[in-house]
Structure formats: structure tokens, C-alpha cells
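As provided, my_file29.tsv (TSV, C-alpha atoms) reads as follows.
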```tsv
chain	number	residue	atom	x	y	z
D	1	MET	CA	0.00	0.00	0.00
D	2	SER	CA	1.65	3.27	1.08
D	3	THR	CA	4.94	3.84	2.84
D	4	THR	CA	5.49	6.37	5.57
D	5	GLU	CA	7.32	9.30	3.98
D	6	PRO	CA	7.55	12.92	5.06
D	7	LEU	CA	4.89	15.14	3.55
D	8	SER	CA	6.15	17.45	0.89
D	9	PRO	CA	4.53	20.88	0.76
D	10	ILE	CA	1.74	21.34	-1.73
D	11	ASN	CA	2.24	24.58	-3.60
D	12	GLU	CA	-0.34	24.82	-6.37
D	13	GLN	CA	0.27	28.58	-6.73
D	14	GLY	CA	3.85	28.09	-7.87
D	15	LEU	CA	5.10	30.60	-5.31
D	16	GLU	CA	8.56	30.44	-3.85
D	17	ILE	CA	8.14	29.60	-0.16
D	18	ARG	CA	11.06	30.97	1.81
D	19	PRO	CA	10.58	30.77	5.58
D	20	THR	CA	13.51	32.04	7.63
D	21	PRO	CA	15.49	29.09	9.04
D	22	ARG	CA	15.40	28.98	12.84
D	23	ARG	CA	19.17	29.47	13.13
D	24	GLU	CA	18.93	32.67	11.06
D	25	MET	CA	16.05	34.34	12.93
D	26	ASN	CA	18.36	36.43	15.17
D	27	LEU	CA	15.70	36.81	17.86
D	28	TYR	CA	16.49	39.01	20.85
D	29	PRO	CA	17.16	36.87	23.95
D	30	LEU	CA	14.57	36.66	26.73
D	31	ASP	CA	16.00	37.84	30.05
D	32	THR	CA	14.58	36.71	33.38
D	33	PHE	CA	14.75	37.54	37.08
D	34	ALA	CA	14.17	35.45	40.20
D	35	TYR	CA	10.57	35.07	41.37
D	36	ASP	CA	10.72	35.74	45.13
D	37	PHE	CA	7.59	33.70	45.92
D	38	PRO	CA	8.11	30.22	44.44
D	39	GLY	CA	5.27	27.94	45.42
D	40	ARG	CA	2.77	30.80	45.37
D	41	GLU	CA	1.00	30.45	42.06
D	42	ILE	CA	0.12	33.69	40.32
D	43	LYS	CA	-0.97	34.26	36.74
D	44	ILE	CA	0.80	36.90	34.69
D	45	ASN	CA	-0.83	38.14	31.47
D	46	PHE	CA	0.72	40.06	28.60
D	47	GLU	CA	-0.98	41.41	25.51
D	48	MET	CA	1.26	42.49	22.64
D	49	PRO	CA	-0.95	44.17	20.00
D	50	GLU	CA	1.80	45.25	17.59
D	51	PHE	CA	3.30	41.91	16.56
D	52	THR	CA	4.52	41.71	12.97
D	53	ALA	CA	6.28	39.05	10.94
D	54	VAL	CA	6.54	38.35	7.21
D	55	CYS	CA	4.48	35.81	5.25
D	56	PRO	CA	6.84	33.25	3.62
D	57	PHE	CA	4.45	32.94	0.62
D	58	SER	CA	3.75	36.56	-0.25
D	59	ASP	CA	6.48	38.54	1.56
D	60	PHE	CA	3.67	40.76	2.89
D	61	PRO	CA	3.63	41.66	6.59
D	62	ASP	CA	1.45	39.68	8.97
D	63	PHE	CA	0.00	41.57	11.94
D	64	ALA	CA	-1.24	40.00	15.16
D	65	THR	CA	-2.00	40.47	18.80
D	66	ILE	CA	-0.01	37.99	20.86
D	67	ARG	CA	-1.49	37.06	24.24
D	68	LEU	CA	0.62	35.22	26.77
D	69	GLU	CA	-0.44	33.99	30.22
D	70	TYR	CA	1.94	32.14	32.49
D	71	VAL	CA	2.42	30.88	36.03
D	72	PRO	CA	6.04	31.45	37.09
D	73	ASN	CA	8.07	28.72	38.72
D	74	GLN	CA	11.31	30.30	39.90
D	75	ARG	CA	11.89	32.89	37.16
D	76	CYS	CA	9.87	35.71	35.60
D	77	VAL	CA	10.44	37.21	32.17
D	78	GLU	CA	11.84	40.74	32.07
D	79	LEU	CA	9.45	43.01	30.15
D	80	LYS	CA	11.89	45.01	28.04
D	81	SER	CA	13.51	41.82	26.75
D	82	LEU	CA	10.04	40.40	25.96
D	83	LYS	CA	9.21	43.55	23.98
D	84	LEU	CA	12.50	43.40	22.06
D	85	TYR	CA	12.08	39.64	21.47
D	86	ILE	CA	8.56	40.08	20.04
D	87	ASN	CA	9.69	43.05	17.92
D	88	SER	CA	12.60	41.01	16.52
D	89	PHE	CA	10.14	38.91	14.48
D	90	ARG	CA	9.55	41.94	12.24
D	91	GLU	CA	11.96	40.68	9.55
D	92	VAL	CA	11.33	36.95	10.06
D	93	LYS	CA	9.48	34.98	7.37
D	94	ILE	CA	7.36	32.50	9.31
D	95	PHE	CA	3.94	30.85	9.19
D	96	HIS	CA	1.34	31.75	11.82
D	97	GLU	CA	1.32	28.19	13.15
D	98	HIS	CA	5.09	28.14	13.53
D	99	VAL	CA	5.58	31.52	15.16
D	100	ILE	CA	3.41	30.59	18.14
D	101	ASN	CA	5.38	27.37	18.64
D	102	VAL	CA	8.71	29.22	18.40
D	103	ILE	CA	7.56	31.74	21.03
D	104	LEU	CA	6.35	28.90	23.27
D	105	GLU	CA	9.64	26.98	23.00
D	106	ASP	CA	11.77	30.08	23.65
D	107	PHE	CA	9.62	31.20	26.59
D	108	VAL	CA	9.69	27.77	28.27
D	109	ARG	CA	13.46	27.52	27.73
D	110	ALA	CA	14.05	30.97	29.29
D	111	CYS	CA	11.58	30.93	32.21
D	112	ASP	CA	10.82	27.27	32.98
D	113	PRO	CA	7.25	28.24	34.00
D	114	LEU	CA	4.75	25.97	35.73
D	115	SER	CA	2.43	26.65	32.79
D	116	VAL	CA	2.07	28.99	29.85
D	117	GLU	CA	-0.62	29.63	27.24
D	118	ILE	CA	0.08	31.64	24.10
D	119	GLU	CA	-2.41	32.90	21.54
D	120	GLY	CA	-1.68	34.56	18.22
D	121	ASP	CA	-4.72	36.50	17.01
D	122	PHE	CA	-3.75	37.38	13.44
D	123	ASN	CA	-5.41	40.17	11.48
D	124	ILE	CA	-7.78	39.26	8.68
D	125	ARG	CA	-6.07	38.72	5.36
D	126	GLY	CA	-7.96	37.77	2.21
D	127	ASN	CA	-11.18	37.23	4.17
D	128	ILE	CA	-9.54	34.70	6.53
D	129	LYS	CA	-9.07	35.23	10.27
D	130	THR	CA	-6.47	33.02	11.96
D	131	VAL	CA	-6.10	32.36	15.68
D	132	VAL	CA	-3.37	29.97	16.83
D	133	ARG	CA	-3.06	28.70	20.43
D	134	ALA	CA	-0.35	26.63	22.12
D	135	SER	CA	0.25	25.68	25.72
D	136	TYR	CA	2.74	24.02	28.03
D	137	GLU	CA	2.42	22.57	31.52
D	138	LYS	CA	5.41	21.50	33.58
D	139	GLN	CA	5.28	17.87	34.65
D	140	LYS	CA	5.04	17.43	38.41
D	141	ALA	CA	7.96	15.64	40.02
D	142	VAL	CA	7.27	12.12	41.29
D	143	GLY	CA	6.34	12.26	44.97
D	144	SER	CA	5.54	16.00	44.91
D	145	LYS	CA	2.61	17.27	46.90
D	146	GLN	CA	-0.60	18.02	45.04
D	147	LYS	CA	-2.71	21.05	45.93
D	148	ALA	CA	-5.73	20.03	47.99
D	149	VAL	CA	-9.13	21.18	46.76
D	150	GLY	CA	-10.45	24.02	48.91
D	151	SER	CA	-7.09	24.98	50.41
```

Take the structure from the file and write it as C-alpha cells.
Amino acid sequence: MSTTEPLSPINEQGLEIRPTPRREMNLYPLDTFAYDFPGREIKINFEMPEFTAVCPFSDFPDFATIRLEYVPNQRCVELKSLKLYINSFREVKIFHEHVINVILEDFVRACDPLSVEIEGDFNIRGNIKTVVRASYEKQKAVGSKQKAVGS
């Protein structure tokens, strides 16, 4: 029947698809600082309404509002570095689905949060509205205490 082979992209439009390779993205690093209250779970929300990247198909800019909510573990993200990191996508050619995963991976690597949810709410283009969501939850260590209901 069929063999398992990687999917090749289908490009019926004949366009040159040129996403920026990850190693060439030159994204600003995310800085962090110590969270002085580890064990006390708080939610931190950011909304970044001026996100831009470049469509790898058309070379037109993509605009989005990025929403990020996280529960810190032992480190919090420093806001200026987050702003510079998000702004550094401005010249990056990347698909909507990929940019949210890149942000998630970089954020988890930098902060090691207990949990994080990221949403990319992309502006309408060609009558299509795209919203992409990704999340991460840190695995609890074996033998760790669970929060009791009602406490």
C-alpha cells in the first residue's frame, strides 16, 4: 500500500516559499529575574498588540496580537527583553502556526514556568481570520505534593 514518507509541501500557486530558518532568525534573547515567591501560584498576562512578521508565501507583513499567560516557577520574564524579542520577528518569514510554537519553545526555555498559554490573534487577510493557540504545563515531580481542593 503506502509507505510512511515525510509530507512534501503542496504549492499549487507556484510561489517560492522561503521561511527564515530557525538558526537565522536572530531573535532578541529573553531575560529573566528570580521570582521571590516560588510555590505561590500567580498568573501573569501580557498582551502584545503590535506583533509583525513576514508571510513566507507573499512577503507581505502579517500583523497579530499575541497574548501570553503564564504561572512562574522560579523565574519571571523581564518586560523590556520580551518587547525586544517580540519586535525582533519583524523581519522573520514565518507561518502563523510556527511563530506561536517558536515563542512557546523560547519562553519555556528561558523561564521554565509551571504553565504557559500563548495565543496569536492574526489580522484578517484575504477574508480569513487566523487564531493559533499553544500551551505548556510543567510535569510534576514524582512524589511531589498536590494542591488540595479548597485549600

- Measuring atom to atom with all atoms listed in the file, identify which of D:Pro49, D:Gly126, D:Pro113, D:Pro56 is nearest to Pro19 (chain D). D:Pro56

- Quick one: everything within 12 Å of Asn101 (chain D), counting all atoms listed in the file, minus sequence neighbours fewer than 2 positions away in the same chain. Send it as a PyMOL selection string. chain D and resi 22+94-99+103-108+116-120+132-136

File dump, residues just selected, C-alpha atoms, as a short mmCIF file (atom, residue, chain, number, x, y, z; two decimals), in the frame of the given file:
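Printed below is result-v1.cif as written:
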```
data_model
loop_
_atom_site.label_atom_id
_atom_site.label_comp_id
_atom_site.auth_asym_id
_atom_site.auth_seq_id
_atom_site.Cartn_x
_atom_site.Cartn_y
_atom_site.Cartn_z
CA ARG D 22 15.40 28.98 12.84
CA ILE D 94 7.36 32.50 9.31
CA PHE D 95 3.94 30.85 9.19
CA HIS D 96 1.34 31.75 11.82
CA GLU D 97 1.32 28.19 13.15
CA HIS D 98 5.09 28.14 13.53
CA VAL D 99 5.58 31.52 15.16
CA ILE D 103 7.56 31.74 21.03
CA LEU D 104 6.35 28.90 23.27
CA GLU D 105 9.64 26.98 23.00
CA ASP D 106 11.77 30.08 23.65
CA PHE D 107 9.62 31.20 26.59
CA VAL D 108 9.69 27.77 28.27
CA VAL D 116 2.07 28.99 29.85
CA GLU D 117 -0.62 29.63 27.24
CA ILE D 118 0.08 31.64 24.10
CA GLU D 119 -2.41 32.90 21.54
CA GLY D 120 -1.68 34.56 18.22
CA VAL D 132 -3.37 29.97 16.83
CA ARG D 133 -3.06 28.70 20.43
CA ALA D 134 -0.35 26.63 22.12
CA SER D 135 0.25 25.68 25.72
CA TYR D 136 2.74 24.02 28.03
#
```

- Using only C-alpha atoms, can you list as a list in words the residues within 12 Å of (-6.4, 37.6, 8.7)?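 The residues that fall inside the cut-off are Cys55, Pro61, Asp62, Phe63, Ala64, Thr65, His96, Gly120, Asp121, Phe122, Asn123, Ile124, Arg125, Gly126, Asn127, Ile128, Lys129, Thr130, Val131 and Val132 of chain D.
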
- Pick the closest to Tyr85 (chain D) from D:Glu41, D:Asp31, D:Glu137, D:Glu47: which is it, counting all atoms listed in the file?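 Looking at the shortest contact to Tyr85 (chain D), the residue is D:Asp31.
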
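Proximity to Glu91 (chain D) was assessed for D:Met48, D:Ala53, D:Leu79, D:Ile66 counting all atoms listed in the file; the smallest distance is recorded for D:Ala53.
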
- One-decimal distance in Å that lies between CA of Tyr70 (chain D) and CA of Thr52 (chain D): 21.9 Å

- Message: I want to know what sits within 9 Å of Phe57 (chain D), based on all atoms listed in the file, with residues of the same chain fewer than 3 positions away left out; could you give that as a ChimeraX atom specification?
- Response: /D:15-19,54,60,93,95

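For the atom pair formed by CA of Gln74 (chain D) and CA of Ile42 (chain D), the distance is 11.7 Å, given to one decimal.
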
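With only C-alpha atoms as the atoms that count, the residue of D:Cys76, D:Gln13, D:Ser115, D:Glu69 with the shortest distance to Lys140 (chain D) is D:Ser115.
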
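CA of Leu30 (chain D) is positioned 5.9 Å from CA of Leu82 (chain D).
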
Size and centre in Å, one decimal, axis-aligned box, all listed region 62-70 of chain D atoms plus 3 Å per side, as lines of an AutoDock Vina configuration file:
```
center_x = 0.0
center_y = 36.9
center_z = 20.7
size_x = 9.9
size_y = 15.4
size_z = 29.5
```

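The residue that comes closest to Cys111 (chain D), out of D:Val92, D:Ile86, D:Leu68, D:Ala34 and on the basis of only C-alpha atoms, is D:Ala34.
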
Have region 35-64 of chain D completed to N, CA and C atoms, please, and pass it along as a short mmCIF file (atom, residue, chain, number, x, y, z; two decimals), keeping the file's coordinate frame.
```cif
data_model
loop_
_atom_site.label_atom_id
_atom_site.label_comp_id
_atom_site.auth_asym_id
_atom_site.auth_seq_id
_atom_site.Cartn_x
_atom_site.Cartn_y
_atom_site.Cartn_z
N TYR D 35 11.90 34.89 40.78
CA TYR D 35 10.57 35.07 41.37
C TYR D 35 10.72 34.81 42.87
N ASP D 36 10.48 35.82 43.69
CA ASP D 36 10.72 35.74 45.13
C ASP D 36 9.70 34.91 45.90
N PHE D 37 8.65 34.44 45.23
CA PHE D 37 7.59 33.70 45.92
C PHE D 37 7.32 32.33 45.28
N PRO D 38 8.37 31.53 45.04
CA PRO D 38 8.11 30.22 44.44
C PRO D 38 7.16 29.41 45.33
N GLY D 39 6.27 28.69 44.68
CA GLY D 39 5.27 27.94 45.42
C GLY D 39 3.96 28.69 45.53
N ARG D 40 3.99 30.00 45.39
CA ARG D 40 2.77 30.80 45.37
C ARG D 40 2.42 31.03 43.91
N GLU D 41 1.37 30.38 43.47
CA GLU D 41 1.00 30.45 42.06
C GLU D 41 0.23 31.73 41.75
N ILE D 42 0.78 32.49 40.85
CA ILE D 42 0.12 33.69 40.32
C ILE D 42 0.07 33.55 38.81
N LYS D 43 -0.89 34.22 38.20
CA LYS D 43 -0.97 34.26 36.74
C LYS D 43 -0.53 35.64 36.28
N ILE D 44 0.31 35.65 35.29
CA ILE D 44 0.80 36.90 34.69
C ILE D 44 0.34 36.91 33.24
N ASN D 45 -0.29 38.00 32.83
CA ASN D 45 -0.83 38.14 31.47
C ASN D 45 -0.14 39.27 30.74
N PHE D 46 0.19 39.02 29.48
CA PHE D 46 0.72 40.06 28.60
C PHE D 46 -0.12 40.08 27.34
N GLU D 47 -0.34 41.26 26.82
CA GLU D 47 -0.98 41.41 25.51
C GLU D 47 -0.07 42.30 24.68
N MET D 48 0.33 41.79 23.52
CA MET D 48 1.26 42.49 22.64
C MET D 48 0.57 42.75 21.31
N PRO D 49 -0.08 43.92 21.16
CA PRO D 49 -0.95 44.17 20.00
C PRO D 49 -0.23 44.61 18.73
N GLU D 50 1.09 44.74 18.76
CA GLU D 50 1.80 45.25 17.59
C GLU D 50 2.75 44.23 16.98
N PHE D 51 2.43 42.94 17.12
CA PHE D 51 3.30 41.91 16.56
C PHE D 51 3.27 41.96 15.03
N THR D 52 4.44 41.84 14.43
CA THR D 52 4.52 41.71 12.97
C THR D 52 5.58 40.68 12.61
N ALA D 53 5.32 39.96 11.55
CA ALA D 53 6.28 39.05 10.94
C ALA D 53 6.01 39.13 9.43
N VAL D 54 6.69 38.31 8.67
CA VAL D 54 6.54 38.35 7.21
C VAL D 54 6.02 37.00 6.73
N CYS D 55 5.03 37.03 5.83
CA CYS D 55 4.48 35.81 5.25
C CYS D 55 5.51 35.18 4.30
N PRO D 56 5.86 33.90 4.50
CA PRO D 56 6.84 33.25 3.62
C PRO D 56 6.33 33.04 2.19
N PHE D 57 5.02 33.09 1.97
CA PHE D 57 4.45 32.94 0.62
C PHE D 57 4.50 34.25 -0.15
N SER D 58 3.98 35.31 0.49
CA SER D 58 3.75 36.56 -0.25
C SER D 58 4.79 37.64 0.02
N ASP D 59 5.56 37.50 1.08
CA ASP D 59 6.48 38.54 1.56
C ASP D 59 5.75 39.77 2.09
N PHE D 60 4.43 39.67 2.27
CA PHE D 60 3.67 40.76 2.89
C PHE D 60 3.76 40.63 4.41
N PRO D 61 3.61 41.74 5.12
CA PRO D 61 3.63 41.66 6.59
C PRO D 61 2.37 40.99 7.13
N ASP D 62 2.56 40.24 8.21
CA ASP D 62 1.45 39.68 8.97
C ASP D 62 1.39 40.43 10.29
N PHE D 63 0.20 40.82 10.69
CA PHE D 63 0.00 41.57 11.94
C PHE D 63 -0.83 40.72 12.89
N ALA D 64 -0.51 40.80 14.17
CA ALA D 64 -1.24 40.00 15.16
C ALA D 64 -1.17 40.64 16.53
#
```
